[in-house]
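start-v5.pdb, holding PDB, C-alpha atoms:
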ATOM      1  CA  MET A   1     -22.410 194.075 119.034
ATOM      2  CA  ALA A   2     -19.338 196.064 119.807
ATOM      3  CA  VAL A   3     -17.610 197.710 116.904
ATOM      4  CA  GLU A   4     -13.882 198.145 117.141
ATOM      5  CA  THR A   5     -12.395 201.288 115.681
ATOM      6  CA  LEU A   6      -8.877 201.532 114.377
ATOM      7  CA  GLU A   7      -7.113 204.681 115.386
ATOM      8  CA  THR A   8      -4.601 206.199 113.017
ATOM      9  CA  THR A   9      -1.194 205.981 114.556
ATOM     10  CA  PRO A  10       1.574 208.481 113.840
ATOM     11  CA  SER A  11       3.610 205.772 112.114
ATOM     12  CA  SER A  12       0.806 205.013 109.628
ATOM     13  CA  GLN A  13       0.353 208.720 108.941
ATOM     14  CA  THR A  14       4.047 209.049 108.232
ATOM     15  CA  ALA A  15       3.951 206.052 105.895
ATOM     16  CA  ARG A  16       1.052 207.501 103.920
ATOM     17  CA  ALA A  17       2.753 210.893 103.725
ATOM     18  CA  THR A  18       5.869 209.177 102.456
ATOM     19  CA  ARG A  19       3.899 207.408  99.740
ATOM     20  CA  ARG A  20       2.171 210.644  98.744
ATOM     21  CA  ARG A  21       5.354 212.712  98.630
ATOM     22  CA  PRO A  22       8.221 210.518  97.382
ATOM     23  CA  ALA A  23       9.963 213.382  95.651
ATOM     24  CA  ALA A  24      10.240 215.445  98.835
ATOM     25  CA  LEU A  25      12.118 212.672 100.597
ATOM     26  CA  ALA A  26      14.371 211.784  97.662
ATOM     27  CA  PRO A  27      18.092 212.098  98.448
ATOM     28  CA  LYS A  28      19.660 215.279  97.206
ATOM     29  CA  PRO A  29      22.485 215.025  94.671
ATOM     30  CA  ARG A  30      25.925 215.148  96.169
ATOM     31  CA  SER A  31      27.541 218.566  95.812
ATOM     32  CA  TRP A  32      31.217 219.456  95.782
ATOM     33  CA  SER A  33      32.674 220.275  99.170
ATOM     34  CA  ILE A  34      36.081 221.120 100.598
ATOM     35  CA  PRO A  35      37.913 218.129 102.120
ATOM     36  CA  LYS A  36      37.756 218.024 105.899
ATOM     37  CA  THR A  37      40.536 215.526 106.602
ATOM     38  CA  PRO A  38      44.266 215.470 105.787
ATOM     39  CA  GLY A  39      43.733 212.366 103.672
ATOM     40  CA  GLY A  40      41.098 214.170 101.628
ATOM     41  CA  TRP A  41      43.453 217.081 100.997
ATOM     42  CA  ILE A  42      46.196 214.673  99.901
ATOM     43  CA  VAL A  43      43.839 212.955  97.448
ATOM     44  CA  LEU A  44      42.706 216.332  96.097
ATOM     45  CA  ALA A  45      46.301 217.501  95.670
ATOM     46  CA  VAL A  46      47.337 214.296  93.869
ATOM     47  CA  CYS A  47      44.325 214.483  91.540
ATOM     48  CA  THR A  48      45.001 218.155  90.802
ATOM     49  CA  ILE A  49      48.674 217.536  89.985
ATOM     50  CA  ALA A  50      47.783 214.552  87.796
ATOM     51  CA  THR A  51      45.158 216.591  85.923
ATOM     52  CA  LEU A  52      47.585 219.443  85.324
ATOM     53  CA  GLY A  53      50.217 216.966  84.156
ATOM     54  CA  MET A  54      47.816 215.543  81.584
ATOM     55  CA  LEU A  55      46.725 218.995  80.414
ATOM     56  CA  VAL A  56      50.248 220.337  79.878
ATOM     57  CA  PRO A  57      50.812 218.471  76.556
ATOM     58  CA  VAL A  58      47.418 219.653  75.304
ATOM     59  CA  TYR A  59      48.295 223.234  76.226
ATOM     60  CA  VAL A  60      51.681 222.983  74.471
ATOM     61  CA  ILE A  61      50.057 221.605  71.303
ATOM     62  CA  ILE A  62      47.485 224.408  71.200
ATOM     63  CA  THR A  63      50.000 227.201  71.920
ATOM     64  CA  THR A  64      52.375 225.837  69.279
ATOM     65  CA  ALA A  65      49.535 225.726  66.755
ATOM     66  CA  LEU A  66      48.598 229.331  67.587
ATOM     67  CA  SER A  67      52.159 230.612  67.270
ATOM     68  CA  GLY A  68      51.884 230.739  63.469
ATOM     69  CA  SER A  69      54.881 231.826  61.437
ATOM     70  CA  THR A  70      56.547 233.458  64.451
ATOM     71  CA  GLY A  71      57.539 230.054  65.781
ATOM     72  CA  ALA A  72      56.969 228.445  69.135
ATOM     73  CA  PRO A  73      57.736 230.504  72.277
ATOM     74  CA  ASN A  74      61.168 230.079  73.843
ATOM     75  CA  PHE A  75      59.592 228.716  77.028
ATOM     76  CA  PHE A  76      57.227 225.848  76.318
ATOM     77  CA  LEU A  77      54.588 227.127  78.768
ATOM     78  CA  ALA A  78      54.600 230.675  77.418
ATOM     79  CA  PHE A  79      51.616 231.841  75.391
ATOM     80  CA  PRO A  80      52.377 233.295  71.915
ATOM     81  CA  ASP A  81      52.733 237.092  71.810
ATOM     82  CA  ALA A  82      50.748 237.294  68.555
ATOM     83  CA  PRO A  83      48.474 234.253  68.289
ATOM     84  CA  SER A  84      47.373 233.419  64.776
ATOM     85  CA  LEU A  85      45.080 230.908  63.040
ATOM     86  CA  ASP A  86      47.227 230.717  59.907
ATOM     87  CA  ALA A  87      48.514 227.276  60.883
ATOM     88  CA  PHE A  88      44.971 225.969  61.212
ATOM     89  CA  LYS A  89      44.088 227.339  57.765
ATOM     90  CA  GLY A  90      47.114 225.632  56.226
ATOM     91  CA  ALA A  91      46.448 222.361  58.032
ATOM     92  CA  TRP A  92      42.765 222.412  57.018
ATOM     93  CA  THR A  93      43.728 222.940  53.363
ATOM     94  CA  LYS A  94      45.887 219.808  53.458
ATOM     95  CA  LEU A  95      43.678 217.654  55.707
ATOM     96  CA  HIS A  96      40.058 218.382  54.810
ATOM     97  CA  GLY A  97      39.949 215.690  52.116
ATOM     98  CA  SER A  98      41.478 213.074  54.416
ATOM     99  CA  LEU A  99      39.147 214.086  57.253
ATOM    100  CA  ALA A 100      36.218 213.400  54.914
ATOM    101  CA  ASN A 101      37.750 209.999  54.089
ATOM    102  CA  SER A 102      38.076 209.164  57.780
ATOM    103  CA  LEU A 103      34.452 210.131  58.323
ATOM    104  CA  GLN A 104      33.317 207.947  55.417
ATOM    105  CA  ILE A 105      35.287 205.033  56.847
ATOM    106  CA  THR A 106      34.448 205.438  60.538
ATOM    107  CA  VAL A 107      30.679 205.950  60.495
ATOM    108  CA  PRO A 108      29.572 202.918  58.415
ATOM    109  CA  ALA A 109      32.260 200.620  59.815
ATOM    110  CA  ALA A 110      31.320 201.459  63.411
ATOM    111  CA  LEU A 111      27.564 201.144  62.801
ATOM    112  CA  ILE A 112      27.753 197.826  60.945
ATOM    113  CA  SER A 113      30.260 196.239  63.339
ATOM    114  CA  CYS A 114      28.135 197.293  66.332
ATOM    115  CA  LEU A 115      24.998 195.851  64.723
ATOM    116  CA  LEU A 116      26.725 192.556  63.930
ATOM    117  CA  GLY A 117      28.202 192.417  67.439
ATOM    118  CA  SER A 118      24.753 193.069  68.878
ATOM    119  CA  ILE A 119      23.255 190.166  66.922
ATOM    120  CA  ASN A 120      26.120 187.873  67.934
ATOM    121  CA  GLY A 121      25.834 188.847  71.591
ATOM    122  CA  TYR A 122      22.054 188.377  71.510
ATOM    123  CA  VAL A 123      22.277 184.861  70.089
ATOM    124  CA  LEU A 124      25.202 183.777  72.269
ATOM    125  CA  SER A 125      23.614 185.047  75.498
ATOM    126  CA  LYS A 126      19.914 184.241  75.019
ATOM    127  CA  PHE A 127      19.949 181.312  72.589
ATOM    128  CA  PRO A 128      23.107 179.316  73.393
ATOM    129  CA  PHE A 129      23.736 176.265  71.261
ATOM    130  CA  ARG A 130      26.191 173.417  71.339
ATOM    131  CA  GLY A 131      29.664 174.848  70.895
ATOM    132  CA  SER A 132      28.573 178.455  71.443
ATOM    133  CA  ASN A 133      31.127 178.971  74.224
ATOM    134  CA  GLY A 134      33.886 177.650  71.995
ATOM    135  CA  LEU A 135      32.795 179.938  69.169
ATOM    136  CA  PHE A 136      32.785 182.886  71.555
ATOM    137  CA  THR A 137      36.324 182.022  72.657
ATOM    138  CA  VAL A 138      37.486 181.878  69.043
ATOM    139  CA  LEU A 139      35.936 185.301  68.435
ATOM    140  CA  LEU A 140      37.751 186.731  71.444
ATOM    141  CA  VAL A 141      41.081 185.503  70.067
ATOM    142  CA  GLY A 142      40.597 187.966  67.230
ATOM    143  CA  MET A 143      40.905 190.836  69.721
ATOM    144  CA  PHE A 144      44.502 189.911  70.504
ATOM    145  CA  ILE A 145      45.814 189.423  66.957
ATOM    146  CA  PRO A 146      48.048 192.428  66.114
ATOM    147  CA  PHE A 147      47.448 194.294  62.881
ATOM    148  CA  GLN A 148      50.977 193.560  61.685
ATOM    149  CA  ALA A 149      50.356 189.789  61.784
ATOM    150  CA  VAL A 150      47.434 189.921  59.352
ATOM    151  CA  ILE A 151      48.358 192.830  57.099
ATOM    152  CA  ILE A 152      49.699 190.665  54.236
ATOM    153  CA  PRO A 153      46.727 188.209  54.166
ATOM    154  CA  VAL A 154      44.311 191.149  54.387
ATOM    155  CA  PHE A 155      46.105 192.897  51.513
ATOM    156  CA  GLN A 156      45.858 189.748  49.362
ATOM    157  CA  PHE A 157      42.194 189.272  50.313
ATOM    158  CA  LEU A 158      41.241 192.817  49.325
ATOM    159  CA  ASN A 159      43.273 192.536  46.134
ATOM    160  CA  MET A 160      41.346 189.372  45.251
ATOM    161  CA  LEU A 161      38.064 191.277  45.756
ATOM    162  CA  HIS A 162      39.410 194.257  43.747
ATOM    163  CA  LEU A 163      38.899 196.468  46.812
ATOM    164  CA  GLN A 164      42.538 197.169  47.635
ATOM    165  CA  GLY A 165      43.208 200.899  47.787
ATOM    166  CA  SER A 166      39.539 201.855  48.193
ATOM    167  CA  ILE A 167      37.495 203.252  51.061
ATOM    168  CA  ILE A 168      35.099 200.300  50.835
ATOM    169  CA  GLY A 169      38.002 197.926  51.417
ATOM    170  CA  LEU A 170      39.003 199.789  54.598
ATOM    171  CA  ILE A 171      35.394 199.752  55.792
ATOM    172  CA  LEU A 172      35.241 195.974  55.294
ATOM    173  CA  VAL A 173      38.498 195.441  57.202
ATOM    174  CA  HIS A 174      37.393 197.538  60.176
ATOM    175  CA  ILE A 175      33.999 195.813  60.285
ATOM    176  CA  ILE A 176      35.609 192.375  60.475
ATOM    177  CA  TYR A 177      38.250 193.465  62.969
ATOM    178  CA  GLY A 178      35.626 195.131  65.181
ATOM    179  CA  ILE A 179      33.302 192.133  65.500
ATOM    180  CA  PRO A 180      35.192 190.496  68.447
ATOM    181  CA  ILE A 181      35.134 193.534  70.757
ATOM    182  CA  THR A 182      31.531 194.435  69.909
ATOM    183  CA  THR A 183      30.422 190.826  70.444
ATOM    184  CA  LEU A 184      32.089 190.815  73.863
ATOM    185  CA  ILE A 185      30.430 194.089  74.881
ATOM    186  CA  PHE A 186      26.932 193.075  73.775
ATOM    187  CA  ARG A 187      27.125 189.532  75.117
ATOM    188  CA  ASN A 188      27.997 190.813  78.575
ATOM    189  CA  TYR A 189      25.321 193.497  78.288
ATOM    190  CA  TYR A 190      22.567 191.084  77.253
ATOM    191  CA  GLU A 191      23.505 188.702  80.066
ATOM    192  CA  GLY A 192      22.171 191.342  82.458
ATOM    193  CA  ILE A 193      18.755 191.490  80.750
ATOM    194  CA  PRO A 194      16.303 189.005  82.341
ATOM    195  CA  SER A 195      15.428 186.048  80.145
ATOM    196  CA  ALA A 196      11.805 186.451  81.269
ATOM    197  CA  ILE A 197      11.513 189.248  78.701
ATOM    198  CA  ILE A 198      12.439 186.808  75.944
ATOM    199  CA  GLU A 199      10.000 184.235  77.287
ATOM    200  CA  ALA A 200       7.197 186.812  77.422
ATOM    201  CA  ALA A 201       7.846 187.822  73.811
ATOM    202  CA  SER A 202       7.859 184.156  72.801
ATOM    203  CA  ILE A 203       4.468 183.619  74.489
ATOM    204  CA  ASP A 204       3.125 186.590  72.530
ATOM    205  CA  GLY A 205       4.181 184.848  69.304
ATOM    206  CA  ALA A 206       7.411 186.696  68.568
ATOM    207  CA  GLY A 207      10.205 184.699  66.983
ATOM    208  CA  ILE A 208      13.915 185.100  67.546
ATOM    209  CA  TRP A 209      14.336 187.983  65.079
ATOM    210  CA  LYS A 210      11.110 189.774  65.943
ATOM    211  CA  THR A 211      12.128 189.596  69.607
ATOM    212  CA  TYR A 212      15.493 191.087  68.753
ATOM    213  CA  PHE A 213      14.192 194.009  66.689
ATOM    214  CA  ARG A 214      11.099 194.741  68.791
ATOM    215  CA  VAL A 215      12.380 194.013  72.313
ATOM    216  CA  MET A 216      16.163 193.727  72.610
ATOM    217  CA  LEU A 217      17.263 196.399  70.152
ATOM    218  CA  PRO A 218      15.367 199.243  71.904
ATOM    219  CA  LEU A 219      17.010 198.149  75.176
ATOM    220  CA  SER A 220      20.490 198.177  73.642
ATOM    221  CA  VAL A 221      21.163 201.934  73.543
ATOM    222  CA  PRO A 222      23.763 201.869  76.400
ATOM    223  CA  GLY A 223      25.549 198.961  74.729
ATOM    224  CA  PHE A 224      25.610 200.755  71.379
ATOM    225  CA  VAL A 225      27.033 203.872  73.044
ATOM    226  CA  VAL A 226      29.921 201.946  74.615
ATOM    227  CA  ALA A 227      30.664 199.825  71.538
ATOM    228  CA  GLY A 228      30.267 202.837  69.249
ATOM    229  CA  ILE A 229      32.741 204.934  71.222
ATOM    230  CA  PHE A 230      35.288 202.105  71.206
ATOM    231  CA  GLN A 231      34.871 201.473  67.489
ATOM    232  CA  CYS A 232      34.818 205.112  66.410
ATOM    233  CA  THR A 233      37.968 205.842  68.398
ATOM    234  CA  ASN A 234      39.868 202.795  67.117
ATOM    235  CA  ILE A 235      38.854 203.284  63.482
ATOM    236  CA  TRP A 236      39.454 207.037  63.449
ATOM    237  CA  ASN A 237      42.919 206.676  65.007
ATOM    238  CA  ASP A 238      44.010 203.767  62.788
ATOM    239  CA  PHE A 239      47.203 204.365  60.839
ATOM    240  CA  LEU A 240      48.567 200.999  59.654
ATOM    241  CA  PHE A 241      45.562 199.776  57.677
ATOM    242  CA  GLY A 242      45.006 203.206  56.166
ATOM    243  CA  PHE A 243      48.653 203.550  55.140
ATOM    244  CA  ILE A 244      49.077 200.097  53.559
ATOM    245  CA  LEU A 245      45.604 199.186  52.304
ATOM    246  CA  ALA A 246      44.470 202.558  50.905
ATOM    247  CA  SER A 247      45.599 204.589  47.904
ATOM    248  CA  PRO A 248      46.615 208.244  48.413
ATOM    249  CA  ALA A 249      43.143 209.370  47.345
ATOM    250  CA  ALA A 250      41.579 207.240  50.104
ATOM    251  CA  TRP A 251      44.094 208.005  52.861
ATOM    252  CA  PRO A 252      42.542 208.691  56.268
ATOM    253  CA  ALA A 253      43.466 211.773  58.257
ATOM    254  CA  THR A 254      46.104 210.014  60.370
ATOM    255  CA  VAL A 255      48.166 209.107  57.309
ATOM    256  CA  THR A 256      47.979 212.601  55.813
ATOM    257  CA  LEU A 257      48.862 214.102  59.198
ATOM    258  CA  ASN A 258      52.004 211.972  59.301
ATOM    259  CA  ASN A 259      52.933 213.259  55.847
ATOM    260  CA  LEU A 260      52.905 216.854  57.117
ATOM    261  CA  ILE A 261      56.377 216.093  58.462
ATOM    262  CA  GLY A 262      58.668 217.235  55.670
ATOM    263  CA  THR A 263      61.859 215.527  54.575
ATOM    264  CA  THR A 264      64.135 218.454  55.465
ATOM    265  CA  THR A 265      62.063 220.900  57.556
ATOM    266  CA  VAL A 266      59.037 220.613  59.789
ATOM    267  CA  ASP A 267      56.424 223.329  60.254
ATOM    268  CA  TYR A 268      55.571 222.537  63.867
ATOM    269  CA  SER A 269      52.769 225.085  64.039
ATOM    270  CA  GLU A 270      50.969 223.492  61.098
ATOM    271  CA  LEU A 271      51.719 220.003  62.386
ATOM    272  CA  MET A 272      50.243 220.777  65.818
ATOM    273  CA  ALA A 273      47.244 222.469  64.222
ATOM    274  CA  GLY A 274      46.688 219.340  62.152
ATOM    275  CA  ALA A 275      46.910 217.220  65.284
ATOM    276  CA  VAL A 276      44.206 219.356  66.904
ATOM    277  CA  LEU A 277      41.943 218.991  63.857
ATOM    278  CA  VAL A 278      42.415 215.222  63.733
ATOM    279  CA  ALA A 279      41.849 214.746  67.465
ATOM    280  CA  ALA A 280      38.827 217.075  67.672
ATOM    281  CA  PRO A 281      36.139 214.607  66.424
ATOM    282  CA  THR A 282      36.950 211.923  68.986
ATOM    283  CA  VAL A 283      37.160 214.521  71.766
ATOM    284  CA  LEU A 284      33.735 215.855  70.797
ATOM    285  CA  LEU A 285      32.402 212.298  70.729
ATOM    286  CA  TYR A 286      33.491 211.734  74.321
ATOM    287  CA  LEU A 287      32.137 215.109  75.423
ATOM    288  CA  VAL A 288      28.721 214.421  73.892
ATOM    289  CA  LEU A 289      28.361 210.742  74.850
ATOM    290  CA  GLY A 290      30.688 210.587  77.855
ATOM    291  CA  ARG A 291      27.836 210.753  80.372
ATOM    292  CA  PHE A 292      26.359 207.598  78.836
ATOM    293  CA  PHE A 293      29.695 205.776  78.694
ATOM    294  CA  VAL A 294      30.058 204.693  82.325
ATOM    295  CA  SER A 295      26.374 203.826  82.620
ATOM    296  CA  GLY A 296      26.689 201.694  79.512
ATOM    297  CA  LEU A 297      29.754 199.902  80.854
ATOM    298  CA  THR A 298      28.057 199.111  84.171
ATOM    299  CA  ALA A 299      24.643 198.273  82.684
ATOM    300  CA  GLY A 300      23.767 194.723  83.565
ATOM    301  CA  ALA A 301      26.362 194.509  86.326
ATOM    302  CA  VAL A 302      23.653 194.508  89.003
ATOM    303  CA  LYS A 303      20.168 193.142  88.437
TER     304      LYS A 303
END
Rewritten as structure tokens:
Amino acid sequence: MAVETLETTPSSQTARATRRRPAALAPKPRSWSIPKTPGGWIVLAVCTIATLGMLVPVYVIITTALSGSTGAPNFFLAFPDAPSLDAFKGAWTKLHGSLANSLQITVPAALISCLLGSINGYVLSKFPFRGSNGLFTVLLVGMFIPFQAVIIPVFQFLNMLHLQGSIIGLILVHIIYGIPITTLIFRNYYEGIPSAIIEAASIDGAGIWKTYFRVMLPLSVPGFVVAGIFQCTNIWNDFLFGFILASPAAWPATVTLNNLIGTTTVDYSELMAGAVLVAAPTVLLYLVLGRFFVSGLTAGAVK
């Protein structure tokens, strides 16, 4: 009986080598290179000019803050001859209490609103019920209601709960006002997660809440990053609620920063130093979590 032998062809050898060495054939990360076409140079020039234009106000704020008691330079782009940190010391003395208030308001309000938005998005996307789309639409309407339209009812509501003027009252307001945007973010994010995961957890005996805490919540890190950045930025930069609904002892940093403007004179060095101190936390937040931001926004866009 004749026995046929299979010879190893070059193509099969290449395929096996590819399977054995996937890392060697992985595409290299794109590196920066000089444009090679006129259009590329034009795009680079436009981007450079736009970047410099956005950095000029930041530079002016920092140089004004460093000018100290000598005053701002005559030319707005000139660097101070004798830079000083005295303005930062004065601004910190007046703002450190309000910065602590803003931190106490922002952290719990952002965490709780993101958790509630995550639960809402989970139920609306994976367990739709009759009228769920209408409820989602009603929630989205809350995103477009301006603060000024609800400030009086909110004031009366907090006064009824004996929370007007307190930090807890501001936390409650920001939690409620943040639910629409966090629900939208998490609903769209969970839509990109295959429902087969939910079905597999159900077969294993997990209920709706066990599935959420054991399966969906560990997969929700990108969504929490995006929603957390949005909420932290909005709550930290809020002025109207903090000014009207809080007592002077509970004022956030934005309100105290506004009060650095005197009635007759303005210490611009101290004012700019205060602006740097107030803006620093949100800038650091973007620097630390910025690399997760775009991936969180696009997560679920392509299955």
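For the atom pair formed by CA of Leu135 (chain A) and CA of Glu191 (chain A), the distance is 16.8 Å, given to one decimal.
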*Please, what distance in Å, to one decimal, runs between CA of Leu245 (chain A) and CA of Gly142 (chain A)?*
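Between CA of Leu245 (chain A) and CA of Gly142 (chain A) the gap works out to 19.3 Å.
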*Step by step, work through what the PyMOL selection byres ((chain A and resi 259) around 12) selects in the shown file, and finish by giving those residues as a PyMOL selection string.*
chain A and resi 91+94-95+98+239+243+248+251-258+260-263+266-267+270-271+274-275
*Applied to this file, what does the PyMOL selection byres ((chain A and resi 190) around 9) return in terms of residues, put as a count of residues only?*
18
*Rank A:Leu115, A:Ala109, A:Val226, A:Val123 by their smallest atom-to-atom distance to Ile175 (chain A), using all atoms listed in the file, and report the top residue only.*
A:Ala109
*Carefully work through the PyMOL selection byres ((chain A and resi 63-65) around 7) for this structure and note down the residues it includes, as an MDAnalysis selection string.*
chainID A and resid 59:62 66:68 72 79:80 87 269:270 272:273
*Please provide as an MDAnalysis selection string all residues within 10 Å of Ile197 (chain A), with the sequence filter that same-chain residues fewer than 4 positions apart are discarded (counting all atoms listed in the file).*
chainID A and resid 193 201:203 211 215:216
*Near Asn237 (chain A), within 12 Å and counting only C-alpha atoms, which residues show up once chain neighbours fewer than 3 positions away are dropped, as a list in words?*
Leu99, Ser102, Leu103, Ile105, Thr106, His174, Phe230, Gln231, Cys232, Thr233, Asn234, Leu240, Phe241, Gly242, Phe243, Pro252, Ala253, Thr254, Val255, Leu257, Asn258, Ala275, Val278, Ala279, Ala280, Pro281, Thr282 and Val283 of chain A
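CA of Val107 (chain A) is found 12.2 Å from CA of Leu285 (chain A).
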*Would you kindly return, as a ChimeraX atom specification, each protein, DNA or RNA residue with an atom no farther than 9 Å from any atom of Ile229 (chain A), considering only C-alpha atoms and excluding same-chain residues fewer than 6 positions away?*
/A:110,282,285-286,289-290,293
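Each of A:Leu277, A:Val150, A:Ala45, A:Val221 was checked against Gly90 (chain A) using all atoms listed in the file; the smallest atom-to-atom distance is that of A:Leu277.
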_Residues within 9 Å of Tyr212 (chain A), only C-alpha atoms, excluding chain neighbours under 6 positions, as a list in words_ =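 Returned residues: Ile119, Tyr122, Ile198 and Pro218 of chain A.
Minimum atom-to-atom distance to Gly228 (chain A), evaluated using only C-alpha atoms, belongs to A:Ile179 out of A:Leu161, A:Cys47, A:Ile179, A:Val173.
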*Counting all atoms listed in the file, figure out which residue out of A:Ser132, A:Thr183, A:Ser247, A:Gln148 gets nearest to Ile167 (chain A).*
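Closest to Ile167 (chain A), using all atoms listed in the file: A:Ser247.
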Enclose region 57-64 of chain A, meaning all of its atoms listed in the file, in a box aligned along x, y and z, pad it by 8 Å on each side, and list the centre and edge lengths in Å to one decimal, as JSON.
{"center_x": 49.9, "center_y": 222.8, "center_z": 72.9, "size_x": 21.0, "size_y": 24.7, "size_z": 23.3}
*Of the candidates A:Val43, A:Leu139, A:Ala100, A:Leu77, which shows the shortest atom-to-atom distance to Leu55 (chain A), using only C-alpha atoms?*
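Among the listed residues, A:Leu77 lies closest to Leu55 (chain A).
Using all atoms listed in the file, the shortest contact distance between Ile168 (chain A) and any of A:Gln156, A:Asn101, A:Thr37, A:Asn120 is found at A:Asn101.
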